[in-house]
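Have a look at my_file_0.txt; it's compact mmCIF, C-alpha atoms and all ligand atoms:
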# COMPACT_ATOMS: atom_id res chain seq x y z
CA MET A 861 -52.49 8.05 -30.98
CA GLN A 862 -51.70 4.48 -30.01
CA ALA A 863 -49.11 1.96 -31.18
CA ALA A 864 -47.49 -1.24 -29.96
CA ALA A 865 -43.98 -2.56 -30.52
CA GLN A 866 -41.85 -5.53 -29.58
CA ALA A 867 -38.16 -5.57 -28.74
CA GLN A 868 -35.88 -8.27 -27.42
CA PRO A 869 -33.12 -8.05 -24.83
CA ASN A 870 -29.54 -7.99 -25.97
CA ILE A 871 -26.53 -9.46 -24.24
CA ALA A 872 -23.30 -7.46 -24.36
CA LEU A 873 -20.17 -9.48 -25.17
CA VAL A 874 -18.03 -6.36 -24.73
CA LYS A 875 -19.71 -4.49 -21.92
CA TYR A 876 -20.76 -0.97 -21.14
CA TRP A 877 -20.08 -0.08 -17.50
CA GLY A 878 -19.64 3.62 -16.76
CA LYS A 879 -20.70 6.88 -18.37
CA GLN A 880 -18.62 9.65 -19.92
CA ASP A 881 -21.65 11.97 -19.87
CA ILE A 882 -24.23 11.24 -17.20
CA LYS A 883 -26.70 13.91 -18.34
CA ARG A 884 -26.87 12.71 -21.95
CA ASN A 885 -26.31 9.10 -20.91
CA VAL A 886 -23.29 8.47 -23.12
CA PRO A 887 -21.27 5.36 -22.21
CA ALA A 888 -17.59 5.63 -21.30
CA THR A 889 -16.86 2.35 -23.10
CA PRO A 890 -17.84 1.05 -26.54
CA SER A 891 -19.95 -2.11 -26.44
CA LEU A 892 -20.86 -4.99 -28.72
CA SER A 893 -23.93 -7.16 -28.23
CA ILE A 894 -26.13 -9.90 -29.60
CA THR A 895 -29.91 -9.49 -29.71
CA LEU A 896 -31.88 -12.50 -28.50
CA ASP A 897 -34.92 -14.07 -30.11
CA ALA A 898 -36.75 -16.01 -27.40
CA LEU A 899 -37.27 -13.25 -24.83
CA TRP A 900 -39.38 -10.20 -25.55
CA ALA A 901 -41.00 -7.06 -24.19
CA ARG A 902 -44.20 -5.87 -25.88
CA THR A 903 -45.15 -2.30 -25.14
CA THR A 904 -48.23 -0.27 -25.99
CA VAL A 905 -48.13 3.53 -25.81
CA ARG A 906 -51.33 5.55 -25.94
CA PHE A 907 -51.37 9.34 -25.84
CA SER A 908 -54.77 10.75 -24.95
CA GLU A 909 -56.17 14.06 -23.75
CA GLU A 910 -58.14 12.05 -21.19
CA ASN A 911 -54.96 11.07 -19.35
CA GLU A 912 -54.25 13.25 -16.33
CA ARG A 913 -50.67 12.01 -16.05
CA ASP A 914 -48.32 9.45 -17.57
CA SER A 915 -48.85 5.95 -16.25
CA LEU A 916 -46.92 2.71 -16.49
CA SER A 917 -47.87 -0.88 -15.94
CA ILE A 918 -45.45 -3.78 -16.32
CA ASN A 919 -46.97 -7.24 -16.58
CA GLY A 920 -50.29 -5.88 -15.35
CA ILE A 921 -48.88 -4.18 -12.24
CA THR A 922 -48.61 -0.40 -11.89
CA ASP A 923 -44.93 0.37 -11.47
CA PRO A 924 -44.22 3.79 -9.90
CA SER A 925 -40.49 2.99 -9.48
CA GLN A 926 -39.80 3.17 -13.23
CA LEU A 927 -42.30 5.94 -13.98
CA GLN A 928 -39.81 8.81 -13.74
CA ARG A 929 -37.55 7.23 -16.36
CA VAL A 930 -40.50 6.46 -18.60
CA THR A 931 -41.83 10.02 -18.26
CA ALA A 932 -38.39 11.36 -19.22
CA ALA A 933 -38.48 9.12 -22.34
CA LEU A 934 -42.01 10.30 -23.16
CA ASP A 935 -40.93 13.94 -22.65
CA ARG A 936 -38.22 13.48 -25.29
CA LEU A 937 -40.84 12.10 -27.70
CA ARG A 938 -43.26 14.92 -26.86
CA ARG A 939 -40.56 17.54 -27.44
CA LEU A 940 -39.71 16.26 -30.88
CA SER A 941 -43.33 15.92 -32.05
CA GLY A 942 -45.00 18.84 -30.28
CA GLU A 943 -47.40 16.44 -28.49
CA THR A 944 -48.80 17.74 -25.20
CA ASN A 945 -50.92 14.83 -23.95
CA TYR A 946 -49.91 12.33 -21.31
CA ALA A 947 -49.51 8.66 -22.17
CA ASP A 948 -50.49 5.25 -20.82
CA VAL A 949 -47.65 2.81 -21.23
CA SER A 950 -48.26 -0.86 -20.69
CA SER A 951 -45.60 -3.46 -21.14
CA THR A 952 -45.58 -7.24 -20.90
CA THR A 953 -42.50 -9.42 -20.85
CA ASN A 954 -42.04 -13.18 -21.05
CA PHE A 955 -39.14 -13.05 -18.56
CA PRO A 956 -38.51 -11.64 -15.05
CA VAL A 957 -37.77 -7.89 -15.01
CA SER A 958 -34.84 -6.25 -13.15
CA ALA A 959 -33.02 -9.53 -12.65
CA GLY A 960 -30.10 -8.95 -15.01
CA LEU A 961 -31.92 -10.06 -18.16
CA ALA A 962 -31.72 -6.69 -19.89
CA SER A 963 -35.37 -5.81 -19.33
CA SER A 964 -34.64 -2.07 -19.58
CA ALA A 965 -32.91 -2.63 -22.93
CA ALA A 966 -35.92 -4.39 -24.44
CA GLY A 967 -38.39 -2.15 -22.61
CA PHE A 968 -37.01 1.20 -23.77
CA ALA A 969 -36.33 0.01 -27.34
CA ALA A 970 -39.99 -1.08 -27.55
CA LEU A 971 -41.23 2.11 -25.83
CA VAL A 972 -39.39 4.42 -28.24
CA THR A 973 -40.49 2.41 -31.29
CA ALA A 974 -44.14 2.36 -30.21
CA GLY A 975 -44.05 5.97 -28.99
CA CYS A 976 -42.65 7.34 -32.28
CA SER A 977 -45.33 5.50 -34.23
CA ALA A 978 -48.14 6.64 -31.91
CA LEU A 979 -47.03 10.24 -32.52
CA GLY A 980 -46.60 9.78 -36.28
CA ALA A 981 -42.88 10.59 -35.99
CA ASP A 982 -41.13 8.80 -38.82
CA LEU A 983 -37.66 8.40 -37.33
CA SER A 984 -34.81 6.30 -38.76
CA ALA A 985 -33.70 3.28 -36.73
CA GLN A 986 -30.54 5.24 -35.91
CA ASP A 987 -32.53 8.13 -34.47
CA ARG A 988 -34.71 5.74 -32.46
CA SER A 989 -31.53 4.11 -31.18
CA ARG A 990 -30.24 7.53 -30.08
CA LEU A 991 -33.51 8.22 -28.26
CA ALA A 992 -33.48 4.80 -26.61
CA ARG A 993 -29.86 5.37 -25.51
CA ALA A 994 -30.84 8.53 -23.69
CA SER A 995 -33.11 6.37 -21.48
CA SER A 996 -30.88 3.32 -21.13
CA ALA A 997 -27.72 2.92 -23.17
CA SER A 998 -28.12 -0.83 -23.64
CA ALA A 999 -31.57 -0.12 -25.17
CA ALA A 1000 -29.85 1.63 -28.09
CA ARG A 1001 -28.57 -1.81 -29.13
CA SER A 1002 -31.97 -3.60 -28.96
CA VAL A 1003 -33.25 -1.37 -31.77
CA PHE A 1004 -31.18 -3.64 -34.06
CA GLY A 1005 -30.98 -7.41 -34.47
CA GLY A 1006 -28.03 -9.78 -34.64
CA PHE A 1007 -24.60 -8.41 -33.70
CA VAL A 1008 -24.74 -4.73 -32.78
CA GLU A 1009 -22.14 -2.15 -31.80
CA LEU A 1010 -22.43 1.05 -29.80
CA GLN A 1011 -19.42 3.28 -30.26
CA THR A 1012 -18.83 6.27 -28.04
CA GLU A 1013 -16.88 8.91 -29.96
CA GLN A 1014 -19.90 11.01 -30.98
CA PRO A 1015 -21.52 13.33 -28.41
CA ASP A 1016 -24.96 11.72 -29.08
CA PRO A 1017 -24.15 8.20 -30.34
CA ALA A 1018 -26.51 5.62 -31.85
CA ALA A 1019 -25.96 1.87 -32.11
CA GLN A 1020 -25.23 0.29 -35.50
CA PRO A 1021 -25.87 -3.18 -36.84
CA LEU A 1022 -22.60 -5.06 -37.36
CA LEU A 1023 -23.64 -8.50 -38.65
CA ALA A 1024 -27.14 -9.90 -39.25
CA GLU A 1025 -28.42 -12.75 -37.07
CA THR A 1026 -28.77 -14.91 -40.19
CA GLU A 1027 -25.09 -14.47 -41.10
CA TRP A 1028 -23.71 -16.16 -38.00
CA PRO A 1029 -26.44 -18.01 -36.10
CA LEU A 1030 -25.19 -18.49 -32.54
CA ASN A 1031 -27.22 -19.98 -29.69
CA VAL A 1032 -27.62 -18.56 -26.21
CA ALA A 1033 -28.70 -20.49 -23.12
CA VAL A 1034 -29.82 -18.16 -20.34
CA ILE A 1035 -29.16 -19.93 -17.05
CA VAL A 1036 -31.51 -18.34 -14.53
CA THR A 1037 -30.21 -18.63 -10.96
CA SER A 1038 -32.58 -16.15 -9.30
CA THR A 1039 -35.73 -14.30 -10.31
CA ARG A 1040 -35.46 -11.69 -7.56
CA ALA A 1041 -34.93 -8.06 -8.60
CA LYS A 1042 -31.33 -6.94 -8.09
CA GLN A 1043 -30.48 -4.64 -5.20
CA THR A 1044 -28.37 -2.13 -7.11
CA SER A 1045 -29.49 -1.05 -10.58
CA SER A 1046 -26.94 -0.93 -13.42
CA THR A 1047 -27.25 2.86 -13.55
CA ALA A 1048 -26.48 3.30 -9.85
CA GLY A 1049 -23.84 0.57 -9.82
CA MET A 1050 -21.78 1.91 -12.71
CA ASN A 1051 -21.80 5.44 -11.31
CA GLN A 1052 -20.55 4.04 -7.99
CA SER A 1053 -17.79 2.14 -9.80
CA ALA A 1054 -16.68 5.30 -11.62
CA ARG A 1055 -16.36 7.08 -8.27
CA ALA A 1056 -15.08 4.30 -6.08
CA SER A 1057 -13.19 1.54 -7.90
CA VAL A 1058 -9.42 1.85 -8.27
CA PHE A 1059 -9.75 -0.39 -11.35
CA TYR A 1060 -12.23 1.88 -13.16
CA ASP A 1061 -9.72 3.90 -15.19
CA ALA A 1062 -7.93 0.74 -16.34
CA TRP A 1063 -11.30 -0.71 -17.38
CA VAL A 1064 -12.15 2.35 -19.49
CA ASP A 1065 -8.63 2.53 -20.98
CA SER A 1066 -8.64 -1.12 -22.04
CA ALA A 1067 -12.18 -1.16 -23.49
CA PRO A 1068 -11.41 0.12 -27.03
CA ARG A 1069 -8.93 -2.72 -27.54
CA ASP A 1070 -11.46 -5.37 -26.40
CA PHE A 1071 -14.08 -3.78 -28.62
CA ALA A 1072 -11.83 -3.70 -31.71
CA ASP A 1073 -10.78 -7.33 -31.17
CA ALA A 1074 -14.37 -8.52 -30.63
CA ARG A 1075 -15.51 -6.62 -33.70
CA ARG A 1076 -12.84 -8.36 -35.76
CA ALA A 1077 -13.80 -11.75 -34.28
CA VAL A 1078 -17.45 -11.18 -35.28
CA LEU A 1079 -16.62 -10.02 -38.79
CA HIS A 1080 -14.33 -13.08 -39.27
CA GLN A 1081 -16.80 -15.34 -37.46
CA ASP A 1082 -13.92 -16.50 -35.25
CA PHE A 1083 -15.73 -18.18 -32.33
CA GLN A 1084 -12.61 -18.99 -30.33
CA MET A 1085 -11.42 -15.40 -30.43
CA LEU A 1086 -14.87 -14.04 -29.56
CA ALA A 1087 -15.09 -16.50 -26.65
CA ASP A 1088 -11.71 -15.45 -25.22
CA ILE A 1089 -12.42 -11.72 -25.47
CA SER A 1090 -15.99 -11.97 -24.15
CA GLU A 1091 -15.10 -14.01 -21.07
CA ALA A 1092 -12.10 -11.78 -20.26
CA ASN A 1093 -14.14 -8.59 -20.75
CA CYS A 1094 -16.97 -9.92 -18.58
CA LEU A 1095 -14.64 -10.91 -15.74
CA LYS A 1096 -12.89 -7.55 -15.98
CA MET A 1097 -16.22 -5.75 -15.56
CA HIS A 1098 -17.06 -7.90 -12.54
CA ALA A 1099 -13.60 -7.15 -11.11
CA VAL A 1100 -14.49 -3.44 -11.35
CA MET A 1101 -17.82 -4.14 -9.64
CA LEU A 1102 -16.21 -6.18 -6.86
CA SER A 1103 -13.51 -3.56 -6.30
CA THR A 1104 -16.09 -0.76 -5.94
CA GLN A 1105 -16.41 0.46 -2.36
CA PRO A 1106 -18.82 -0.68 -1.02
CA ALA A 1107 -18.49 -3.80 -3.19
CA LEU A 1108 -21.06 -4.61 -5.85
CA MET A 1109 -21.54 -8.36 -5.91
CA TYR A 1110 -24.13 -9.43 -8.46
CA TRP A 1111 -23.29 -13.17 -8.40
CA ASN A 1112 -24.62 -15.95 -6.22
CA GLY A 1113 -23.16 -19.40 -5.58
CA ALA A 1114 -24.85 -20.93 -8.62
CA THR A 1115 -23.39 -18.21 -10.85
CA VAL A 1116 -19.88 -19.31 -9.93
CA GLU A 1117 -20.71 -23.01 -10.26
CA VAL A 1118 -22.15 -22.46 -13.76
CA ILE A 1119 -19.02 -20.49 -14.80
CA LEU A 1120 -16.87 -23.46 -13.73
CA ARG A 1121 -19.06 -25.87 -15.67
CA VAL A 1122 -18.78 -23.76 -18.83
CA ARG A 1123 -15.00 -23.75 -18.43
CA ASP A 1124 -15.14 -27.56 -18.23
CA LEU A 1125 -17.27 -27.66 -21.38
CA ARG A 1126 -14.75 -25.51 -23.23
CA ALA A 1127 -11.88 -27.66 -22.00
CA ARG A 1128 -13.73 -30.69 -23.47
CA GLY A 1129 -13.87 -28.95 -26.85
CA ILE A 1130 -17.50 -27.77 -26.77
CA PRO A 1131 -17.60 -24.33 -28.46
CA ALA A 1132 -19.32 -22.42 -25.65
CA PHE A 1133 -18.47 -19.45 -23.45
CA PHE A 1134 -20.12 -17.53 -20.62
CA THR A 1135 -21.05 -13.92 -20.04
CA ILE A 1136 -22.78 -12.28 -17.06
CA ASP A 1137 -24.31 -8.82 -16.64
CA ALA A 1138 -25.42 -6.92 -13.54
CA GLY A 1139 -27.25 -9.91 -12.08
CA PRO A 1140 -26.69 -13.56 -11.16
CA GLN A 1141 -27.82 -15.15 -14.45
CA VAL A 1142 -25.20 -16.74 -16.70
CA LYS A 1143 -25.61 -16.58 -20.46
CA ILE A 1144 -23.88 -19.37 -22.34
CA VAL A 1145 -23.15 -18.50 -25.96
CA SER A 1146 -22.41 -21.43 -28.28
CA LEU A 1147 -22.20 -22.54 -31.86
CA PRO A 1148 -25.40 -24.38 -32.89
CA GLY A 1149 -25.66 -28.11 -32.22
CA HIS A 1150 -24.51 -28.25 -28.59
CA ARG A 1151 -27.74 -27.61 -26.73
CA ALA A 1152 -27.97 -31.09 -25.19
CA ALA A 1153 -24.35 -31.00 -23.93
CA ILE A 1154 -24.92 -27.55 -22.38
CA GLU A 1155 -28.21 -28.62 -20.74
CA GLN A 1156 -26.58 -31.70 -19.33
CA ALA A 1157 -23.62 -29.76 -17.97
CA VAL A 1158 -25.64 -27.18 -16.03
CA ARG A 1159 -29.14 -28.47 -15.31
CA ASP A 1160 -28.35 -30.27 -12.05
CA THR A 1161 -26.35 -27.33 -10.63
CA PRO A 1162 -27.86 -26.46 -7.24
CA GLY A 1163 -29.54 -23.06 -7.55
CA VAL A 1164 -30.31 -23.21 -11.26
CA VAL A 1165 -34.03 -22.42 -11.52
CA ASP A 1166 -34.55 -22.27 -15.27
CA ILE A 1167 -32.76 -22.60 -18.59
CA ILE A 1168 -34.04 -20.56 -21.53
CA HIS A 1169 -32.65 -21.38 -24.96
CA SER A 1170 -32.57 -18.72 -27.63
CA SER A 1171 -31.18 -18.05 -31.04
CA LEU A 1172 -30.24 -14.57 -32.20
CA GLY A 1173 -33.13 -12.32 -33.09
CA ALA A 1174 -34.28 -9.22 -34.89
CA GLY A 1175 -34.43 -5.59 -33.80
CA ALA A 1176 -37.37 -3.62 -32.38
CA ARG A 1177 -40.43 -3.55 -34.58
CA LEU A 1178 -44.03 -2.40 -34.61
CA LEU A 1179 -46.79 -4.87 -33.85
CA GLY A 1180 -49.85 -4.74 -36.05
CA GLY A 1181 -53.42 -4.25 -34.87
C1 LIG A 1201 -23.92 -4.75 -17.32
O1 LIG A 1201 -28.00 0.07 -20.09
O2 LIG A 1201 -28.95 -0.80 -17.92
O3 LIG A 1201 -25.77 -4.88 -18.82
O4 LIG A 1201 -27.74 3.32 -19.43
O5 LIG A 1201 -27.89 3.50 -16.95
O6 LIG A 1201 -29.74 2.38 -18.22
P1 LIG A 1201 -28.26 2.69 -18.16
O7 LIG A 1201 -27.54 1.28 -17.95
P2 LIG A 1201 -27.85 -0.11 -18.63
O8 LIG A 1201 -26.47 -0.90 -18.32
C2 LIG A 1201 -26.15 -2.13 -18.87
C3 LIG A 1201 -24.96 -2.69 -18.18
C4 LIG A 1201 -24.61 -4.12 -18.53
C5 LIG A 1201 -23.63 -4.20 -19.70
C6 LIG A 1201 -24.19 -3.93 -21.07
O9 LIG A 1201 -25.36 -4.26 -21.35
O10 LIG A 1201 -23.42 -3.41 -21.92

Could you write out this structure as structure tokens?
Amino acid sequence: MQAAAQAQPNIALVKYWGKQDIKRNVPATPSLSITLDALWARTTVRFSEENERDSLSINGITDPSQLQRVTAALDRLRRLSGETNYADVSSTTNFPVSAGLASSAAGFAALVTAGCSALGADLSAQDRSRLARASSASAARSVFGGFVELQTEQPDPAAQPLLAETEWPLNVAVIVTSTRAKQTSSTAGMNQSARASVFYDAWVDSAPRDFADARRAVLHQDFQMLADISEANCLKMHAVMLSTQPALMYWNGATVEVILRVRDLRARGIPAFFTIDAGPQVKIVSLPGHRAAIEQAVRDTPGVVDIIHSSLGAGARLLGG
């Protein structure tokens, strides 16, 4: 009754921020993401009658703060398989958690994949994506590799692969500007925005257009178009965050400085653009072959603590042994 799985974070280029159905965790906006290769979460799930309760450790430390969400995910797995035992969940990551690097996306995609296998539940990737979405909507996308979409018309949507990572190999540089956990989680932040940002309705109304345009840019491998839509969509989401009362400000000084440096790079003809999630890290997406120029442009920025280079990667998968 034990299995282990690996999943990688994904970075949304058209973002999800806000829910149309809080109970089922269905996003209000369609999203489109790329799954990374270099970062990972590896999660082992073990159901046993010896367990007196569910338990969770992340990078060797017991984490009660996330246990409720993990128990809810395990309950969904138990319901569908008839399992009654509690589970030990232990997860390791090669990147800081809760700092805007999509740790919940990788974590829940790995948890659902390992959990289904531990219980002998042979679910399709689509069904695992649906289950992962119920825990964290961005996790639905990490079930798949490459370019992935999560549409929102269905009452219980799953993500879908749009284009394989091998078809259009982009690079991503993750510019880490802080490793501290963020103060307001994405879940809490987006619910606050829905209640208390005057820009929220405009954000939701304009999302399908951004999504359709980005989808077309991916399918035509039109980097310039994808860059324009992604940067505009990211800044629009941060405008919603900033206009929430009280304001949600996920950036720090280095975040802004790195944005300006990426704009300079683009102005000099380097095919690179930025995107930022609910945290201060900046992800720079580029065509291959520009790593040195990107490094040089950002590495001496005060406040930059690390630069992680990644290509696009595969979806969640079981680990042997
Ligand atoms: C800014 O998927 O973490 O990264 O569904 O409440 O768990 P929950 O939210 P979560 O939100 C991700 C928000 C984002 C944009 C994105 O990944 O699309």

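For the pair atom CA of A:Ser941 and atom CA of A:Arg1177, the separation is 19.8 Å.
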
Please return the centre and edge lengths, in Å to one decimal, of a box with edges along x, y and z that contains all listed atoms of ligand LIG 1201 (chain A), widened by 5 Å on every side, as JSON.
{"center_x": -26.6, "center_y": -0.7, "center_z": -19.4, "size_x": 16.3, "size_y": 18.4, "size_z": 15.0}

Subject >> 7 Å shell around ligand LIG 1201 (chain A) using only C-alpha atoms and all ligand atoms, listed as a list in words >> reply: Ile871, Ala872, Val874, Lys875, Tyr876, Trp877, Asn885, Ser891, Ala962, Ser964, Ala965, Arg993, Ser995, Ser996, Ala997, Ser998, Ala999, Ser1046, Thr1047, Asp1137 and Ala1138 of chain A

Show which residues sit within 8 Å of stretch 1166-1174 of chain A, as a tab-separated table (two decimals) with C-alpha atoms, in the frame of the given file. Count all atoms listed in the file, and ignore same-chain residues fewer than 3 positions away.
chain	number	residue	atom	x	y	z
A	868	GLN	CA	-35.88	-8.27	-27.42
A	894	ILE	CA	-26.13	-9.90	-29.60
A	895	THR	CA	-29.91	-9.49	-29.71
A	896	LEU	CA	-31.88	-12.50	-28.50
A	897	ASP	CA	-34.92	-14.07	-30.11
A	898	ALA	CA	-36.75	-16.01	-27.40
A	899	LEU	CA	-37.27	-13.25	-24.83
A	1004	PHE	CA	-31.18	-3.64	-34.06
A	1005	GLY	CA	-30.98	-7.41	-34.47
A	1006	GLY	CA	-28.03	-9.78	-34.64
A	1025	GLU	CA	-28.42	-12.75	-37.07
A	1029	PRO	CA	-26.44	-18.01	-36.10
A	1030	LEU	CA	-25.19	-18.49	-32.54
A	1031	ASN	CA	-27.22	-19.98	-29.69
A	1032	VAL	CA	-27.62	-18.56	-26.21
A	1033	ALA	CA	-28.70	-20.49	-23.12
A	1034	VAL	CA	-29.82	-18.16	-20.34
A	1035	ILE	CA	-29.16	-19.93	-17.05
A	1036	VAL	CA	-31.51	-18.34	-14.53
A	1037	THR	CA	-30.21	-18.63	-10.96
A	1155	GLU	CA	-28.21	-28.62	-20.74
A	1159	ARG	CA	-29.14	-28.47	-15.31

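Of the listed residues A:Trp900, A:Ala994, A:Gln862, A:Leu983, the one whose atoms come nearest to A:Lys883 is A:Ala994, with distances taken using all atoms listed in the file.
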
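Here atom CA of A:Ala1072 and atom CA of A:Arg1121 stand 28.3 Å from one another.
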
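Among the candidate residues A:Glu1027, A:Asp914, A:Asp987, A:Asp982, the one lying nearest to A:Val1078 is A:Glu1027, with distances computed using only C-alpha atoms.
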
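Put simply, atom CA of A:Thr1135 is 6.0 Å away from atom CA of A:Glu1091.
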
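By all atoms listed in the file, and with residues fewer than 5 positions from A:Gly980 along its chain excluded, the set lying at most 12 Å from it is Met861, Gln862, Ala863, Phe907, Leu937, Arg938, Leu940, Ser941, Gly942, Glu943, Thr973, Ala974 and Gly975 of chain A.
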
Residue subset to file, keeping C-alpha atoms, as a tab-separated table (two decimals), in the coordinates of the input:
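Result went into selection.tsv, see below:
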chain	number	residue	atom	x	y	z
A	861	MET	CA	-52.49	8.05	-30.98
A	862	GLN	CA	-51.70	4.48	-30.01
A	863	ALA	CA	-49.11	1.96	-31.18
A	907	PHE	CA	-51.37	9.34	-25.84
A	937	LEU	CA	-40.84	12.10	-27.70
A	938	ARG	CA	-43.26	14.92	-26.86
A	940	LEU	CA	-39.71	16.26	-30.88
A	941	SER	CA	-43.33	15.92	-32.05
A	942	GLY	CA	-45.00	18.84	-30.28
A	943	GLU	CA	-47.40	16.44	-28.49
A	973	THR	CA	-40.49	2.41	-31.29
A	974	ALA	CA	-44.14	2.36	-30.21
A	975	GLY	CA	-44.05	5.97	-28.99

Subject >> Within 6 Å of A:Ala970 using only C-alpha atoms, minus same-chain residues under 6 positions, as a VMD selection string >> reply: chain A and resid 865 to 867 903

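Among A:Ala932, A:Ala1157, A:Leu873, A:Ala864, the residue with the shortest atom-to-atom distance to A:Met1097, counting all atoms listed in the file, is A:Leu873.
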
Subject >> Distance criterion (only C-alpha atoms): nearest to A:Asn919 out of A:Pro890, A:Pro1068, A:Pro956, A:Pro1021 >> reply: A:Pro956

**OP:** List every protein, DNA or RNA residue with an atom no more than 12 Å from (-22.4, -27.9, -23.5) in the file's coordinates, counting only C-alpha atoms, and format the result as a count of residues only.
**Re:** 35

**OP:** Could you tell me which of A:Thr889, A:Ser951, A:Thr1026, A:Thr904 comes closest to A:Ser917 if we count only C-alpha atoms?
**Re:** A:Ser951

**OP:** Tell me, as a VMD selection string, which residues lie within 9 Å of A:Asp881, counting only C-alpha atoms; anything in the same chain fewer than 6 positions away does not count.
**Re:** chain A and resid 887 to 888 1015

Original post:
Which residues, written as a list in words, have at least one atom at most 8 Å from A:Ala1000, with only C-alpha atoms counted and residues fewer than 6 positions away on the same chain left out?
Top reply: Ala965, Ala969, Arg988, Ser989, Arg990, Leu991, Ala992, Arg993, Leu1010, Ala1018 and Ala1019 of chain A

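Proximity of A:Leu892, A:Val1003, A:Leu1120, A:Val949 to A:Ala1176, computed with only C-alpha atoms, is greatest for A:Val1003.
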
Please complete stretch 875-888 of chain A so it has N, CA, C and O atoms, and hand it over as a PDB file, in the coordinates of the input.
ATOM      1  N   LYS A 875     -18.691  -5.133 -22.763  1.00  0.00           N
ATOM      2  CA  LYS A 875     -19.710  -4.490 -21.920  1.00  0.00           C
ATOM      3  C   LYS A 875     -19.549  -2.975 -21.790  1.00  0.00           C
ATOM      4  O   LYS A 875     -18.437  -2.446 -21.837  1.00  0.00           O
ATOM      5  N   TYR A 876     -20.677  -2.380 -21.539  1.00  0.00           N
ATOM      6  CA  TYR A 876     -20.760  -0.970 -21.140  1.00  0.00           C
ATOM      7  C   TYR A 876     -20.880  -0.926 -19.625  1.00  0.00           C
ATOM      8  O   TYR A 876     -21.784  -1.525 -19.063  1.00  0.00           O
ATOM      9  N   TRP A 877     -19.951  -0.285 -18.967  1.00  0.00           N
ATOM     10  CA  TRP A 877     -20.080  -0.080 -17.500  1.00  0.00           C
ATOM     11  C   TRP A 877     -19.403   1.234 -17.169  1.00  0.00           C
ATOM     12  O   TRP A 877     -18.181   1.319 -17.109  1.00  0.00           O
ATOM     13  N   GLY A 878     -20.183   2.297 -17.043  1.00  0.00           N
ATOM     14  CA  GLY A 878     -19.640   3.620 -16.760  1.00  0.00           C
ATOM     15  C   GLY A 878     -20.028   4.603 -17.848  1.00  0.00           C
ATOM     16  O   GLY A 878     -20.156   4.229 -19.008  1.00  0.00           O
ATOM     17  N   LYS A 879     -20.233   5.857 -17.424  1.00  0.00           N
ATOM     18  CA  LYS A 879     -20.700   6.880 -18.370  1.00  0.00           C
ATOM     19  C   LYS A 879     -19.667   7.996 -18.507  1.00  0.00           C
ATOM     20  O   LYS A 879     -19.103   8.429 -17.515  1.00  0.00           O
ATOM     21  N   GLN A 880     -19.472   8.459 -19.746  1.00  0.00           N
ATOM     22  CA  GLN A 880     -18.620   9.650 -19.920  1.00  0.00           C
ATOM     23  C   GLN A 880     -19.454  10.911 -19.770  1.00  0.00           C
ATOM     24  O   GLN A 880     -18.908  11.978 -19.498  1.00  0.00           O
ATOM     25  N   ASP A 881     -20.772  10.817 -20.000  1.00  0.00           N
ATOM     26  CA  ASP A 881     -21.650  11.970 -19.870  1.00  0.00           C
ATOM     27  C   ASP A 881     -22.954  11.481 -19.229  1.00  0.00           C
ATOM     28  O   ASP A 881     -23.786  10.840 -19.878  1.00  0.00           O
ATOM     29  N   ILE A 882     -23.084  11.771 -17.933  1.00  0.00           N
ATOM     30  CA  ILE A 882     -24.230  11.240 -17.200  1.00  0.00           C
ATOM     31  C   ILE A 882     -25.534  11.886 -17.689  1.00  0.00           C
ATOM     32  O   ILE A 882     -26.550  11.222 -17.866  1.00  0.00           O
ATOM     33  N   LYS A 883     -25.483  13.196 -17.955  1.00  0.00           N
ATOM     34  CA  LYS A 883     -26.700  13.910 -18.340  1.00  0.00           C
ATOM     35  C   LYS A 883     -27.274  13.382 -19.658  1.00  0.00           C
ATOM     36  O   LYS A 883     -28.457  13.090 -19.767  1.00  0.00           O
ATOM     37  N   ARG A 884     -26.398  13.215 -20.646  1.00  0.00           N
ATOM     38  CA  ARG A 884     -26.870  12.710 -21.950  1.00  0.00           C
ATOM     39  C   ARG A 884     -26.875  11.185 -22.024  1.00  0.00           C
ATOM     40  O   ARG A 884     -27.212  10.608 -23.047  1.00  0.00           O
ATOM     41  N   ASN A 885     -26.425  10.561 -20.968  1.00  0.00           N
ATOM     42  CA  ASN A 885     -26.310   9.100 -20.910  1.00  0.00           C
ATOM     43  C   ASN A 885     -25.466   8.530 -22.053  1.00  0.00           C
ATOM     44  O   ASN A 885     -25.927   7.685 -22.842  1.00  0.00           O
ATOM     45  N   VAL A 886     -24.234   8.989 -22.120  1.00  0.00           N
ATOM     46  CA  VAL A 886     -23.290   8.470 -23.120  1.00  0.00           C
ATOM     47  C   VAL A 886     -22.284   7.556 -22.410  1.00  0.00           C
ATOM     48  O   VAL A 886     -21.623   7.974 -21.460  1.00  0.00           O
ATOM     49  N   PRO A 887     -22.190   6.293 -22.860  1.00  0.00           N
ATOM     50  CA  PRO A 887     -21.270   5.360 -22.210  1.00  0.00           C
ATOM     51  C   PRO A 887     -19.807   5.800 -22.291  1.00  0.00           C
ATOM     52  O   PRO A 887     -19.396   6.475 -23.246  1.00  0.00           O
ATOM     53  N   ALA A 888     -19.037   5.368 -21.291  1.00  0.00           N
ATOM     54  CA  ALA A 888     -17.590   5.630 -21.300  1.00  0.00           C
ATOM     55  C   ALA A 888     -16.861   4.580 -22.133  1.00  0.00           C
ATOM     56  O   ALA A 888     -15.707   4.784 -22.506  1.00  0.00           O
TER      57      ALA A 888
END
